[in-house]
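Text of run10.pdb (PDB, C-alpha atoms) as supplied:
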ATOM      1  CA  MET A  25      35.101  -5.409  -7.181
ATOM      2  CA  VAL A  26      34.517  -1.786  -6.227
ATOM      3  CA  VAL A  27      34.415   0.060  -2.902
ATOM      4  CA  GLU A  28      33.624   3.612  -1.838
ATOM      5  CA  LEU A  29      36.672   5.361  -0.411
ATOM      6  CA  ARG A  30      34.800   7.634   1.960
ATOM      7  CA  GLY A  31      31.583   7.185   3.885
ATOM      8  CA  ASP A  32      28.798   9.498   2.723
ATOM      9  CA  GLN A  33      26.739   9.322   5.924
ATOM     10  CA  ILE A  34      23.794   7.821   4.030
ATOM     11  CA  PRO A  35      22.664   4.760   6.039
ATOM     12  CA  PHE A  36      21.855   1.903   3.700
ATOM     13  CA  TYR A  37      19.315   0.322   6.050
ATOM     14  CA  LYS A  38      17.076   3.394   5.719
ATOM     15  CA  GLN A  39      16.890   3.019   1.948
ATOM     16  CA  TYR A  40      13.922   0.691   2.168
ATOM     17  CA  VAL A  41      13.499  -0.065  -1.541
ATOM     18  CA  SER A  42      17.162  -1.058  -1.904
ATOM     19  CA  VAL A  43      16.970  -3.314   1.143
ATOM     20  CA  LEU A  44      13.796  -4.905  -0.240
ATOM     21  CA  ILE A  45      15.406  -5.462  -3.657
ATOM     22  CA  ILE A  46      18.330  -7.301  -2.076
ATOM     23  CA  ILE A  47      15.985  -9.415   0.050
ATOM     24  CA  ILE A  48      13.844 -10.331  -2.974
ATOM     25  CA  ASN A  49      16.921 -11.306  -4.984
ATOM     26  CA  ILE A  50      18.163 -13.529  -2.172
ATOM     27  CA  ILE A  51      14.764 -15.185  -1.677
ATOM     28  CA  VAL A  52      14.390 -15.821  -5.414
ATOM     29  CA  PHE A  53      17.892 -17.318  -5.556
ATOM     30  CA  ILE A  54      17.091 -19.644  -2.642
ATOM     31  CA  VAL A  55      13.910 -20.728  -4.441
ATOM     32  CA  GLN A  56      15.955 -21.336  -7.598
ATOM     33  CA  LEU A  57      18.179 -23.713  -5.645
ATOM     34  CA  THR A  58      15.141 -25.910  -4.941
ATOM     35  CA  ASP A  59      14.701 -26.777  -8.631
ATOM     36  CA  PRO A  60      14.890 -30.610  -8.650
ATOM     37  CA  THR A  61      16.327 -30.568 -12.175
ATOM     38  CA  GLY A  62      19.270 -28.416 -11.102
ATOM     39  CA  ASN A  63      18.492 -25.865 -13.808
ATOM     40  CA  MET A  64      17.605 -23.094 -11.336
ATOM     41  CA  TYR A  65      14.157 -22.699 -12.984
ATOM     42  CA  VAL A  66      15.887 -20.964 -15.877
ATOM     43  CA  TYR A  67      13.623 -22.545 -18.482
ATOM     44  CA  GLU A  68      10.509 -21.658 -16.501
ATOM     45  CA  ALA A  69      11.130 -18.046 -15.497
ATOM     46  CA  ALA A  70      14.156 -16.584 -17.308
ATOM     47  CA  PHE A  71      13.682 -14.169 -20.211
ATOM     48  CA  VAL A  72      13.707 -15.767 -23.677
ATOM     49  CA  PRO A  73      13.490 -13.258 -26.554
ATOM     50  CA  SER A  74      11.708 -15.629 -28.944
ATOM     51  CA  GLU A  75       8.983 -16.242 -26.359
ATOM     52  CA  PHE A  76       8.647 -12.534 -25.707
ATOM     53  CA  PHE A  77       8.227 -11.711 -29.410
ATOM     54  CA  ALA A  78       5.621 -14.479 -29.636
ATOM     55  CA  SER A  79       3.761 -12.902 -26.673
ATOM     56  CA  GLN A  80       4.455 -15.972 -24.565
ATOM     57  CA  LYS A  81       5.485 -15.764 -20.903
ATOM     58  CA  VAL A  82       5.804 -11.986 -21.205
ATOM     59  CA  TRP A  83       5.994 -11.775 -17.409
ATOM     60  CA  THR A  84       9.507 -13.244 -17.536
ATOM     61  CA  ILE A  85      10.808  -9.811 -18.529
ATOM     62  CA  LEU A  86      10.226  -8.978 -14.853
ATOM     63  CA  SER A  87      10.936 -12.297 -13.133
ATOM     64  CA  ALA A  88      14.307 -12.700 -14.879
ATOM     65  CA  MET A  89      15.368  -9.395 -13.332
ATOM     66  CA  PHE A  90      15.474 -11.054  -9.903
ATOM     67  CA  MET A  91      17.080 -14.357 -10.929
ATOM     68  CA  HIS A  92      20.742 -15.387 -10.984
ATOM     69  CA  ALA A  93      22.702 -18.223 -12.509
ATOM     70  CA  ASP A  94      24.961 -19.093  -9.554
ATOM     71  CA  ILE A  95      26.299 -17.840  -6.240
ATOM     72  CA  MET A  96      29.061 -15.684  -7.759
ATOM     73  CA  HIS A  97      26.541 -14.074 -10.101
ATOM     74  CA  ILE A  98      24.298 -12.897  -7.285
ATOM     75  CA  LEU A  99      27.173 -11.959  -4.958
ATOM     76  CA  MET A 100      28.825  -9.687  -7.544
ATOM     77  CA  ASN A 101      25.546  -8.099  -8.599
ATOM     78  CA  MET A 102      24.412  -7.435  -5.059
ATOM     79  CA  TRP A 103      27.784  -6.009  -4.065
ATOM     80  CA  PHE A 104      27.836  -3.489  -6.939
ATOM     81  CA  PHE A 105      24.221  -2.666  -6.115
ATOM     82  CA  TYR A 106      25.041  -2.175  -2.430
ATOM     83  CA  VAL A 107      27.839   0.266  -3.246
ATOM     84  CA  VAL A 108      25.747   2.624  -5.376
ATOM     85  CA  ALA A 109      22.128   2.064  -4.347
ATOM     86  CA  ASP A 110      21.861   4.023  -1.103
ATOM     87  CA  ASN A 111      23.005   7.317  -2.630
ATOM     88  CA  CYS A 112      20.625   6.946  -5.543
ATOM     89  CA  GLU A 113      17.553   6.089  -3.493
ATOM     90  CA  TYR A 114      18.364   8.920  -1.075
ATOM     91  CA  ALA A 115      18.567  11.387  -3.981
ATOM     92  CA  LEU A 116      15.627  10.226  -6.099
ATOM     93  CA  GLY A 117      13.248   9.307  -3.303
ATOM     94  CA  HIS A 118      11.789   5.843  -2.805
ATOM     95  CA  ALA A 119       9.124   5.949  -5.539
ATOM     96  CA  LEU A 120      11.182   7.397  -8.391
ATOM     97  CA  TYR A 121      14.099   5.188  -7.419
ATOM     98  CA  LEU A 122      11.956   2.052  -7.697
ATOM     99  CA  ILE A 123      10.605   3.218 -11.052
ATOM    100  CA  THR A 124      14.163   3.863 -12.243
ATOM    101  CA  TYR A 125      15.344   0.418 -11.162
ATOM    102  CA  LEU A 126      12.462  -1.438 -12.799
ATOM    103  CA  LEU A 127      12.475   0.679 -15.955
ATOM    104  CA  SER A 128      16.223   0.162 -16.339
ATOM    105  CA  GLY A 129      15.712  -3.583 -16.028
ATOM    106  CA  LEU A 130      12.916  -3.559 -18.596
ATOM    107  CA  CYS A 131      14.918  -1.477 -21.082
ATOM    108  CA  ALA A 132      17.855  -3.810 -20.550
ATOM    109  CA  ALA A 133      15.786  -6.842 -21.527
ATOM    110  CA  LEU A 134      14.238  -5.065 -24.521
ATOM    111  CA  LEU A 135      17.573  -3.982 -25.999
ATOM    112  CA  HIS A 136      18.975  -7.468 -25.442
ATOM    113  CA  ALA A 137      15.949  -8.962 -27.191
ATOM    114  CA  PHE A 138      16.327  -6.580 -30.146
ATOM    115  CA  ILE A 139      20.018  -7.438 -30.507
ATOM    116  CA  THR A 140      19.263 -11.169 -30.622
ATOM    117  CA  THR A 141      17.164 -10.578 -33.748
ATOM    118  CA  LEU A 142      20.465  -9.944 -35.516
ATOM    119  CA  ILE A 143      21.554 -13.480 -34.595
ATOM    120  CA  PRO A 144      18.318 -15.539 -34.706
ATOM    121  CA  GLU A 145      19.818 -18.670 -33.155
ATOM    122  CA  LEU A 146      20.369 -16.728 -29.936
ATOM    123  CA  MET A 147      16.721 -15.770 -29.591
ATOM    124  CA  ASP A 148      16.008 -19.038 -27.768
ATOM    125  CA  VAL A 149      18.790 -18.574 -25.195
ATOM    126  CA  PRO A 150      17.452 -17.616 -21.731
ATOM    127  CA  SER A 151      18.858 -14.541 -19.997
ATOM    128  CA  LEU A 152      18.605 -13.617 -16.339
ATOM    129  CA  GLY A 153      20.123 -11.386 -13.714
ATOM    130  CA  ALA A 154      19.806  -7.990 -12.062
ATOM    131  CA  SER A 155      22.737  -6.513 -14.000
ATOM    132  CA  GLY A 156      20.654  -4.462 -16.430
ATOM    133  CA  ALA A 157      18.705  -2.759 -13.645
ATOM    134  CA  ILE A 158      21.896  -2.252 -11.628
ATOM    135  CA  PHE A 159      23.615  -0.585 -14.568
ATOM    136  CA  GLY A 160      20.747   1.890 -14.606
ATOM    137  CA  ILE A 161      21.488   2.704 -10.969
ATOM    138  CA  ILE A 162      25.219   2.959 -11.719
ATOM    139  CA  ALA A 163      24.369   5.600 -14.335
ATOM    140  CA  VAL A 164      22.298   7.521 -11.794
ATOM    141  CA  TYR A 165      25.133   7.297  -9.273
ATOM    142  CA  GLY A 166      27.714   8.624 -11.722
ATOM    143  CA  ILE A 167      25.522  11.532 -12.824
ATOM    144  CA  LEU A 168      24.150  12.636  -9.452
ATOM    145  CA  PHE A 169      27.281  11.930  -7.395
ATOM    146  CA  PRO A 170      30.081  12.497  -9.932
ATOM    147  CA  LYS A 171      32.716  13.470  -7.364
ATOM    148  CA  ASN A 172      32.287  10.456  -5.074
ATOM    149  CA  ARG A 173      35.555   8.549  -4.907
ATOM    150  CA  LEU A 174      35.743   4.826  -5.603
ATOM    151  CA  ALA A 175      38.446   2.186  -5.750
ATOM    152  CA  LEU A 176      37.980  -0.337  -8.557
ATOM    153  CA  PHE A 177      39.892  -3.622  -8.591
ATOM    154  CA  LEU A 178      41.151  -4.301 -12.124
ATOM    155  CA  GLY A 179      43.026  -7.539 -11.578
ATOM    156  CA  TYR A 180      46.425  -6.112 -10.742
ATOM    157  CA  GLY A 181      45.324  -3.805  -7.945
ATOM    158  CA  PHE A 182      42.874  -1.071  -7.007
ATOM    159  CA  VAL A 183      42.532   2.011  -9.204
ATOM    160  CA  LYS A 184      41.025   5.141  -7.664
ATOM    161  CA  MET A 185      38.535   7.104  -9.744
ATOM    162  CA  SER A 186      35.529   9.377  -9.438
ATOM    163  CA  ALA A 187      32.002   8.003  -9.622
ATOM    164  CA  LEU A 188      31.514   9.707 -12.988
ATOM    165  CA  TYR A 189      34.610   8.092 -14.495
ATOM    166  CA  PHE A 190      33.594   4.776 -12.955
ATOM    167  CA  ALA A 191      30.198   4.914 -14.670
ATOM    168  CA  ILE A 192      31.688   6.015 -18.003
ATOM    169  CA  PHE A 193      34.402   3.349 -17.809
ATOM    170  CA  TYR A 194      31.910   0.544 -17.254
ATOM    171  CA  PHE A 195      29.557   1.838 -19.944
ATOM    172  CA  ILE A 196      32.319   1.985 -22.560
ATOM    173  CA  LEU A 197      33.511  -1.454 -21.486
ATOM    174  CA  GLN A 198      30.060  -2.919 -22.135
ATOM    175  CA  ILE A 199      29.951  -1.325 -25.587
ATOM    176  CA  VAL A 200      33.384  -2.686 -26.494
ATOM    177  CA  TYR A 201      32.609  -6.192 -25.248
ATOM    178  CA  GLY A 202      29.142  -6.190 -26.773
ATOM    179  CA  LEU A 203      30.257  -5.068 -30.228
ATOM    180  CA  SER A 204      33.222  -7.446 -30.144
ATOM    181  CA  GLU A 205      31.044 -10.462 -29.432
ATOM    182  CA  LEU A 206      28.459  -9.323 -31.957
ATOM    183  CA  ALA A 207      31.179  -9.062 -34.609
ATOM    184  CA  LEU A 208      32.190 -12.638 -33.809
ATOM    185  CA  GLY A 209      28.627 -13.820 -34.386
ATOM    186  CA  GLY A 210      27.581 -14.459 -30.807
ATOM    187  CA  LEU A 211      26.718 -12.825 -27.516
ATOM    188  CA  GLY A 212      28.605 -15.249 -25.275
ATOM    189  CA  GLY A 213      27.415 -15.852 -21.752
ATOM    190  CA  VAL A 214      27.021 -12.187 -20.804
ATOM    191  CA  ALA A 215      24.216  -9.949 -22.078
ATOM    192  CA  TYR A 216      26.340  -6.833 -22.565
ATOM    193  CA  PHE A 217      23.627  -5.047 -24.514
ATOM    194  CA  ALA A 218      21.263  -5.535 -21.588
ATOM    195  CA  HIS A 219      23.792  -3.625 -19.488
ATOM    196  CA  ILE A 220      23.889  -0.900 -22.131
ATOM    197  CA  GLY A 221      20.091  -0.663 -22.278
ATOM    198  CA  GLY A 222      19.810  -0.417 -18.510
ATOM    199  CA  PHE A 223      22.546   2.200 -18.301
ATOM    200  CA  ILE A 224      20.943   4.393 -20.975
ATOM    201  CA  ALA A 225      17.552   4.262 -19.233
ATOM    202  CA  GLY A 226      19.083   5.193 -15.879
ATOM    203  CA  ALA A 227      21.168   7.963 -17.431
ATOM    204  CA  ILE A 228      18.139   9.558 -19.111
ATOM    205  CA  ILE A 229      16.187   9.564 -15.855
ATOM    206  CA  ALA A 230      19.158  10.963 -13.924
ATOM    207  CA  VAL A 231      19.748  13.768 -16.419
ATOM    208  CA  LEU A 232      16.071  14.765 -16.407
ATOM    209  CA  PHE A 233      16.013  14.631 -12.613
ATOM    210  CA  LYS A 234      19.144  16.759 -12.378
ATOM    211  CA  MET A 235      17.676  19.369 -14.742
ATOM    212  CA  TYR A 236      14.773  20.023 -12.376
ATOM    213  CA  SER A 237      16.481  19.362  -9.042
ATOM    214  CA  LYS A 238      17.802  22.319  -7.043
ATOM    215  CA  LYS A 239      20.045  20.076  -4.944
ATOM    216  CA  TYR A 240      21.684  17.974  -7.638
TER
END
Can you present the structure in this file as structure tokens?
Amino acid sequence: MVVELRGDQIPFYKQYVSVLIIIINIIVFIVQLTDPTGNMYVYEAAFVPSEFFASQKVWTILSAMFMHADIMHILMNMWFFYVVADNCEYALGHALYLITYLLSGLCAALLHAFITTLIPELMDVPSLGASGAIFGIIAVYGILFPKNRLALFLGYGFVKMSALYFAIFYFILQIVYGLSELALGGLGGVAYFAHIGGFIAGAIIAVLFKMYSKKY
């Protein structure tokens, strides 16, 4: 759980792409709940690396980006997204922001797929969720708004930190968890390398944007 400590006067409801992304995620989740098998349409529309490499159901690299496994999954993802999205869309503009979000999600899936080639038995395991794209936006937030203050709940209480440290902290955490699980011969239930791929894509875009922006 994370919250902004001070309002930044950027109204979320005017960040139309972010609002639309949340709405789409909610609608897709509601549709998932209608699956008569109870499997949330995971086997129909989630991203499966082996299928992708075989050029089958390639479109799932996009559809999986808007799917979630359960209510806690979507609630946590949408909350993190809500905290950082408005600043990023305001800074990048609607079009570049949408490109950043989608490209981060695509890079997330591609890195995850590449990592599963190291453990072939995991190539048939479906993955889904907006986390990879959201990590791209977290990277943008940390780079363009490094001094924004956040409070992050770490289990024993809230820890205050800057947006830059928040982004770095979460990025390092994904690397540690990802390498740890890889060393143990599995990727567990969380696609940490998807988070890493999304973060890197978002960070590259943010750095390039900042190089040519007079405001940021």
**OP:** Specify as a list in words each residue included when the PyMOL selection byres ((chain A and resi 187) around 8) is applied to this file.
**Re:**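 Listing what the PyMOL selection byres ((chain A and resi 187) around 8) selects in the shown file: Tyr165, Gly166, Phe169, Pro170, Lys171, Asn172, Arg173, Leu174, Met185, Ser186, Leu188, Tyr189, Phe190 and Ala191 of chain A.
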**OP:** Tell me, in Å to one decimal, how far atom CA of A:His219 is from atom CA of A:Leu126.
**Re:**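 Separation of atom CA of A:His219 and atom CA of A:Leu126: 13.3 Å.
The interatomic distance for the pair atom CA of A:Ile45 and atom CA of A:Ile158 works out to 10.8 Å.
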Original post:
Given the file above and the PyMOL selection byres ((chain A and resi 183) around 12), which residues are selected, and can you give them as a ChimeraX atom specification?
Top reply: /A:25-29,173-182,184-186,189-190,193
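Near (12.5, -0.1, -14.2), the residues that fall inside 10 Å on the basis of all atoms listed in the file are Leu86, Met89, Leu120, Tyr121, Leu122, Ile123, Thr124, Tyr125, Leu126, Leu127, Ser128, Gly129, Leu130, Cys131, Ala132, Gly156, Ala157, Ile158, Gly160, Ile161, Gly222, Ala225 and Gly226 of chain A.
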**OP:** Using all atoms listed in the file, give me every residue within 10 Å of (19.4, 10.5, -3.5) in file coordinates, as a list in words.
**Re:** Ile34, Gln39, Ala109, Asp110, Asn111, Cys112, Glu113, Tyr114, Ala115, Leu116, Gly117, His118, Tyr121, Val164, Tyr165, Leu168, Phe169, Lys239 and Tyr240 of chain A
**OP:** Quick one: pull the distance between atom CA of A:Lys38 and atom CA of A:Met235, Å, one decimal.
**Re:**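 Result for atom CA of A:Lys38 versus atom CA of A:Met235: 26.0 Å, one decimal.
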